[in-house]
Amino acid sequence: MNRIFIAGLAVLVVVLIGADASLFTVSQTEQALVLQFGKVEDVIQAPGLHVKVPFTQNVITLDKRLLAVELPGEEVILGDQRRLIIDTFTVFRITDPLRFYQAIGPIPDNIRGRLNSVVTGSLRRVLGNNKLLDVLSADREHIMSTIRGQVNTEMANFGVSIEDVRIRRADLPKENTDAILSRMQSERQRVAAQARAEGAEASQRIKADAERERTVLVADAKATADNLRGEGEGEATNIYAKAFGQDPAFFSFWRTLQGYRDIFDAGAARLVVSPDNDYLRLLQAPPSDATGQPAASR
Amino acid sequence: MPWNNGGPGPWGNPSGSSGGDNDKKPTQGPWGNSGNKGNNSGDDKPAGGPRPGGQRPGGPFGGGGPFGGGGGPFGGGGAPDLDRLIAQAQAYIRGLMGGGSGRGPGGRSSGPLSRFTSSRGLVFLLLLIVVVWFGTGFYRVQPDEQGVVLRFGAYSYWTPPGLHWHLPWPVETVELPTVTRINRTEIGYRSGPGGTIESGQDTTGRDVQAESLMLTGDENIIDIDVAIFWRINDAPAFLFNTANPEGLVRGVAESSMREVIGRTPIQPALGPMRGQIESDVLKQTQEILDRYQAGVEVTQVQLQKVDPPAAVIESFRDVQRANTDAERMRNEAESYRNDIVPRARGDAARIVAEGQGAKAASVAQATGQAAQFESVYKAYQAAKDITLRRMYLDTMEDVMAHSQPLVVDDKLKGLVPFLPLNVPPPRPVAPVAPASSASVGASR
């Protein structure tokens with residue numbers, strides 16, 4: 001019995017060793033190359049459990065996921081001679097593990113150097129034909145897809161497919177940044193000065209306008225008033241002329257007498273008269289008769 | 001590839017073996033699971049029925065263990081204690097090996113019993129290993145997680161929160177991504193330990209200038225901090241499609257942010273277009289991540305801080321002050337205008353009124369004088385000579401009465417220089433007249 005049991009155990013161990021040597025798993029995130037003495041026998045894309053010939057074949061797995069490589073701080077001269085520091089990241093996938101393995105080796109990260117130079121070259125070529133404002137603006141998407149196309153073509157032999165090349169940051173070099181900052185500052189100062197000046201302008205304008213309005217109002221009123229006075233005088237003159245015109249001689253007499261009263265009524269004037277005065281003449285001598293006038297009179 | 005899932009392989013296919021069950025009932029393995037109905041019910045409470053020991057205290061193999069159910073080869077009708085289980089196992093093995101022909105279980109004869117002692121121990125050890133091995137297949141999915149089961153590395157199915165069992169290693173393994181949690185990716189700053197998703201704002205954060213300073217569409221520089229909130233919306237895609245999803249979210253969001261700002265002038269970006277920027281960034285980030293099939297849903301993009309760079313912020317504030325100043329000056333001028341114009345209107349009204357008064361006065365005066373003249377003239381016409389004479393005499397009397405006349409005879413030469421013409425006349429007037437002349441002193 002013991003022997004049977006031990007034999008069973010031995011069989012089990014052999015089976016396990018055999019299974020270990022002939023079975024292998026490919027993870028969901030991987031793809032695998034099956035090599036027989038260095039020669040590629042199979043390329044496995046599907047994840048799961050797979051079989052190989054034990055001891056003569058070995059397996060190399062490569063990542064199947066989207067991989068991102070960041071390429072920081074590349075200084076690029078643009079079409080308008082401006083300089084820009086560009087950070088990119090490139091998203092790619094290993095589509096042909098055999099080629100990739102032949103070109104790069106088992107570690108995907110090693111592609112970084114190649115990718116770096118290709119992306120940089122493409123970046124310089126494409127951005128060299130574009131202006132700063134294009135890079136900043138909506139044209140960015142187009143630029144990025146152009147770069148992606150170029151990189152894809154150049155990297156075709158590496159068994160990778162470039163899914164995306166994205167400009168992550170696009171900044172100006174330090175000295176340009178300082179220039180921009182001081183320009184922003186002066187620009188803001190200009191805006192501030194303009195705002196204040198416009199405020200003063202508006203203030204002056206409103207005040208002047210108000211003063212003009214005041215002057216016009218008063219002057220108009222004066223004109224109206226003078227006009228009214230003139231009208232009054234005119235009307236008065238007409239009235240006078242109409243009334244007095246009936247007998248100018250009598251008017252003259254009547255008005256003169258009125259004047260005498262007005263002038264001497266106040267008592268401020270003194271009258272030096274001769275006794276020959278018509279009114280006083282009776283002081284000197286009685287009249288010859290009651291009606292007769294002693295001297296020439298009106 | 002005979003071992004892949006999807007066929008009736010020797011390891012069983014959970015989705016096929018139970019005849020049309022969906023992926024959510026993965027534990028219907030070939031070893032049966034009939035004792036654990038709560039296990040498959042999708043119950044969120046992991047402490048429910050299926051926990052080992054929960055229903056059968058003291059039984060290490062109770063519950064969902066392979067020996068517990070009625071379908072197992074050792075099924076003993078739910079025997080609770082270890083001893084009995086072992087006894088049954090021994091009996092079964094003995095039966096298998098054929099050594100105990102005719103002998104009953106329990107081993108009344110001491111001969112075969114001693115012969116089998118070492119084998120029995122070994123078998124028991126093996127069984128124990130197998131049981132423990134199967135036990136490693138239990139896993140618990142927390143309420144915020146999702147179970148993603150891989151068979152030989154290949155994605156097989158997913159499980160909701162609760163207790164589940166998968167075929168033990170190396171056949172199946174499970175990944176437990178937290179799918180309901182909202183993750184926060186910060187660009188331009190790093191919040192301190194106090195910053196949480198709930199509080200939204202961080203208090204002890206620090207600024208990362210390299211990330212936050214960016215060029216605007218009109219070639220200015222703006223300082224923007226932004227928080228991206230995202231969650232896993234497709235766990236398998238999140239786990240298997242991209243190498244570093246978190247890093248990808250950050251890179252894509254930063255790229256989108258700069259692209260959006262790159263076509264926005266600084267003034268709108270500082271104020272009115274914030275909402276627009278947020279939604280543009282969200283939309284673009286989501287589009288790109290969808291293209292990568294990253295299994296990520298961006299739930300919110302929140303601009304935390306949008307400022308001009310620190311070096312020039314003072315001059316931006318000065319513009320604000322300048323605008324306020326301008327407004328103030330304008331208001332002062334308005335108030336000046338509101339002060340003087342109504343006054344001027346009042347003055348104007350007064351002047352016009354005066355004019356009207358003067359006109360009316362002139363006319364009234366003229367009318368009055370004319371009327372006076374008319375009446376006098378009428379009287380005069382009635383008796384011309386006598387009226388003339390009377391008027392003359394009345395007037396002369398009146399004049400003489402009021403003006404203290406000084407009657408001077410022409411013949412008295414040399415008197416004139418002594419006349420006190422410039423002093424008010426004394427009253428009563430001393431007559432200075434020749435004796436021959438009569439002086440009339442009039443007094444009022």
# chains A, B, ... in the order shown; residues from 1 in each chain; ligands from 1
>>> select_by_dssp(residues="region 9-141 of chain A", states="alpha helix (DSSP H)", output="compact mmCIF listing (two decimals) with N, CA, C and O atoms, in the first residue's frame")
# COMPACT_ATOMS: atom_id res chain seq x y z
N LEU A 9 2.27 9.58 -5.38
CA LEU A 9 2.86 10.88 -5.07
C LEU A 9 3.88 11.29 -6.12
O LEU A 9 3.92 12.44 -6.59
N ALA A 10 4.72 10.32 -6.47
CA ALA A 10 5.78 10.60 -7.45
C ALA A 10 5.17 11.02 -8.78
O ALA A 10 5.61 12.01 -9.39
N VAL A 11 4.10 10.31 -9.17
CA VAL A 11 3.44 10.67 -10.43
C VAL A 11 2.93 12.09 -10.36
O VAL A 11 3.11 12.90 -11.27
N LEU A 12 2.31 12.39 -9.21
CA LEU A 12 1.75 13.73 -9.03
C LEU A 12 2.83 14.80 -9.18
O LEU A 12 2.67 15.81 -9.87
N VAL A 13 3.99 14.53 -8.53
CA VAL A 13 5.09 15.50 -8.59
C VAL A 13 5.55 15.68 -10.03
O VAL A 13 5.74 16.82 -10.50
N VAL A 14 5.67 14.57 -10.73
CA VAL A 14 6.12 14.65 -12.13
C VAL A 14 5.14 15.46 -12.96
O VAL A 14 5.50 16.33 -13.75
N VAL A 15 3.84 15.15 -12.71
CA VAL A 15 2.80 15.89 -13.46
C VAL A 15 2.90 17.38 -13.18
O VAL A 15 2.83 18.21 -14.08
N LEU A 16 3.08 17.71 -11.90
CA LEU A 16 3.16 19.12 -11.53
C LEU A 16 4.35 19.80 -12.20
O LEU A 16 4.24 20.90 -12.74
N ILE A 17 5.49 19.10 -12.17
CA ILE A 17 6.68 19.68 -12.80
C ILE A 17 6.45 19.86 -14.30
O ILE A 17 6.76 20.90 -14.89
N GLY A 18 5.84 18.80 -14.89
CA GLY A 18 5.55 18.88 -16.33
C GLY A 18 4.62 20.02 -16.64
O GLY A 18 4.83 20.79 -17.58
N ALA A 19 3.60 20.18 -15.80
CA ALA A 19 2.64 21.26 -16.03
C ALA A 19 3.33 22.60 -15.91
O ALA A 19 3.11 23.52 -16.71
N ASP A 20 4.19 22.68 -14.88
CA ASP A 20 4.87 23.95 -14.68
C ASP A 20 5.74 24.30 -15.87
O ASP A 20 5.88 25.46 -16.25
N ALA A 21 6.33 23.29 -16.45
CA ALA A 21 7.23 23.56 -17.57
C ALA A 21 6.49 23.78 -18.88
O ALA A 21 7.01 24.41 -19.78
N SER A 22 5.27 23.26 -18.99
CA SER A 22 4.61 23.34 -20.29
C SER A 22 3.44 24.30 -20.31
O SER A 22 2.96 24.66 -21.37
N PRO A 97 4.78 42.54 -31.04
CA PRO A 97 5.76 42.24 -29.99
C PRO A 97 7.09 41.73 -30.55
O PRO A 97 8.15 42.01 -29.99
N LEU A 98 7.03 41.03 -31.66
CA LEU A 98 8.27 40.49 -32.21
C LEU A 98 9.20 41.61 -32.65
O LEU A 98 10.35 41.68 -32.25
N ARG A 99 8.65 42.51 -33.44
CA ARG A 99 9.46 43.64 -33.88
C ARG A 99 9.95 44.47 -32.71
O ARG A 99 11.08 44.92 -32.68
N PHE A 100 9.05 44.66 -31.80
CA PHE A 100 9.42 45.47 -30.64
C PHE A 100 10.56 44.81 -29.89
O PHE A 100 11.53 45.45 -29.51
N TYR A 101 10.44 43.50 -29.74
CA TYR A 101 11.48 42.78 -29.01
C TYR A 101 12.80 42.85 -29.77
O TYR A 101 13.86 43.05 -29.18
N GLN A 102 12.71 42.73 -31.07
CA GLN A 102 13.95 42.80 -31.87
C GLN A 102 14.57 44.18 -31.79
O GLN A 102 15.78 44.34 -31.75
N ALA A 103 13.73 45.22 -31.78
CA ALA A 103 14.27 46.57 -31.85
C ALA A 103 14.65 47.11 -30.48
O ALA A 103 15.64 47.81 -30.33
N ILE A 111 12.31 52.12 -24.84
CA ILE A 111 11.96 52.81 -26.07
C ILE A 111 12.06 54.31 -25.89
O ILE A 111 12.11 55.07 -26.86
N ARG A 112 12.11 54.74 -24.65
CA ARG A 112 12.08 56.16 -24.33
C ARG A 112 13.11 56.98 -25.13
O ARG A 112 12.78 58.01 -25.70
N GLY A 113 14.33 56.45 -25.20
CA GLY A 113 15.38 57.18 -25.90
C GLY A 113 15.05 57.39 -27.37
O GLY A 113 15.14 58.52 -27.89
N ARG A 114 14.63 56.31 -28.03
CA ARG A 114 14.30 56.40 -29.45
C ARG A 114 13.13 57.33 -29.68
O ARG A 114 13.14 58.21 -30.52
N LEU A 115 12.11 57.12 -28.85
CA LEU A 115 10.89 57.90 -28.98
C LEU A 115 11.20 59.38 -28.76
O LEU A 115 10.72 60.25 -29.50
N ASN A 116 12.05 59.62 -27.78
CA ASN A 116 12.42 61.00 -27.46
C ASN A 116 12.98 61.70 -28.69
O ASN A 116 12.55 62.79 -29.07
N SER A 117 13.95 61.03 -29.34
CA SER A 117 14.59 61.71 -30.47
C SER A 117 13.61 61.87 -31.63
O SER A 117 13.59 62.92 -32.29
N VAL A 118 12.78 60.87 -31.85
CA VAL A 118 11.84 60.97 -32.97
C VAL A 118 10.81 62.07 -32.72
O VAL A 118 10.54 62.91 -33.58
N VAL A 119 10.26 62.07 -31.51
CA VAL A 119 9.25 63.08 -31.19
C VAL A 119 9.86 64.48 -31.24
O VAL A 119 9.27 65.41 -31.79
N THR A 120 11.06 64.60 -30.69
CA THR A 120 11.71 65.91 -30.70
C THR A 120 11.91 66.40 -32.12
O THR A 120 11.61 67.56 -32.45
N GLY A 121 12.41 65.48 -32.98
CA GLY A 121 12.63 65.87 -34.37
C GLY A 121 11.35 66.32 -35.04
O GLY A 121 11.28 67.37 -35.69
N SER A 122 10.30 65.54 -34.82
CA SER A 122 9.02 65.87 -35.44
C SER A 122 8.47 67.18 -34.89
O SER A 122 7.95 68.01 -35.63
N LEU A 123 8.64 67.35 -33.59
CA LEU A 123 8.19 68.58 -32.93
C LEU A 123 8.85 69.79 -33.57
O LEU A 123 8.21 70.79 -33.90
N ARG A 124 10.16 69.70 -33.75
CA ARG A 124 10.89 70.83 -34.32
C ARG A 124 10.42 71.11 -35.74
O ARG A 124 10.24 72.26 -36.14
N ARG A 125 10.25 70.04 -36.51
CA ARG A 125 9.83 70.23 -37.90
C ARG A 125 8.46 70.90 -37.97
O ARG A 125 8.27 71.87 -38.68
N VAL A 126 7.51 70.34 -37.19
CA VAL A 126 6.14 70.83 -37.31
C VAL A 126 6.01 72.22 -36.71
O VAL A 126 5.44 73.13 -37.32
N LEU A 127 6.56 72.41 -35.53
CA LEU A 127 6.39 73.71 -34.88
C LEU A 127 7.19 74.80 -35.60
O LEU A 127 6.85 75.97 -35.52
N LEU A 132 3.54 81.18 -32.88
CA LEU A 132 3.23 80.96 -31.46
C LEU A 132 1.73 80.91 -31.23
O LEU A 132 1.21 80.05 -30.52
N LEU A 133 1.04 81.86 -31.86
CA LEU A 133 -0.40 81.93 -31.59
C LEU A 133 -1.12 80.68 -32.09
O LEU A 133 -2.10 80.25 -31.50
N ASP A 134 -0.59 80.08 -33.19
CA ASP A 134 -1.20 78.84 -33.67
C ASP A 134 -1.01 77.72 -32.67
O ASP A 134 -1.91 76.93 -32.42
N VAL A 135 0.20 77.67 -32.10
CA VAL A 135 0.48 76.61 -31.14
C VAL A 135 -0.42 76.75 -29.93
O VAL A 135 -0.91 75.78 -29.37
N LEU A 136 -0.65 78.02 -29.54
CA LEU A 136 -1.49 78.24 -28.37
C LEU A 136 -2.96 77.96 -28.66
O LEU A 136 -3.69 77.48 -27.82
N ARG A 140 -3.76 73.75 -32.20
CA ARG A 140 -2.96 72.81 -31.43
C ARG A 140 -3.32 71.36 -31.76
O ARG A 140 -2.45 70.50 -31.91
N GLU A 141 -4.60 71.11 -31.85
CA GLU A 141 -5.05 69.75 -32.13
C GLU A 141 -4.48 69.26 -33.46
O GLU A 141 -3.99 68.13 -33.57
>>> residues_around(residues="Glu233 (chain A)", least_positions_apart="4", cutoff="8 Å", atoms="only C-alpha atoms", output="list in words")
Arg229 and Thr237 of chain A; Lys359, Ser362 and Val363 of chain B
>>> closest_residue(among="A:Ser27, A:Asn130, A:Asn152, A:Ser288", to="chain B", atoms="only C-alpha atoms")
A:Ser27
>>> atom_distance(atom1="CA of Gly267 (chain A)", atom2="CA of Asp394 (chain B)")
16.7 Å
>>> select_by_dssp(residues="region 89-294 of chain A", states="strand (DSSP E)", output="list in words")
Phe89, Thr90, Val91, Phe92, Arg93, Ile94, Val160, Ser161, Ile162, Glu163, Asp164, Val165, Arg166, Ile167, Arg168, Arg169, Ala170, Asp171, Val272 and Val273 of chain A
>>> atom_distance(atom1="CA of Val312 (chain B)", atom2="CA of Lys174 (chain A)")
15.5 Å
>>> residues_around(residues="region 133-142 of chain B", least_positions_apart="6", cutoff="8 Å", atoms="only C-alpha atoms", output="list of chain:residue names")
B:Pro46, B:Gly65, B:Pro66, B:Thr159, B:Pro160, B:Pro161, B:Gly162, B:Leu163, B:His164, B:Trp165, B:His166, B:Leu167, B:Pro168, B:Trp169, B:Leu176
>>> closest_residue(among="A:Leu49, A:Leu280, A:Ile143, A:Ile107", to="chain B", atoms="only C-alpha atoms")
A:Leu49
>>> residues_around(residues="Ser212 (chain B)", least_positions_apart="5", cutoff="9 Å", atoms="only C-alpha atoms", output="number ranges by chain")
B: 187-189, 207, 222-226
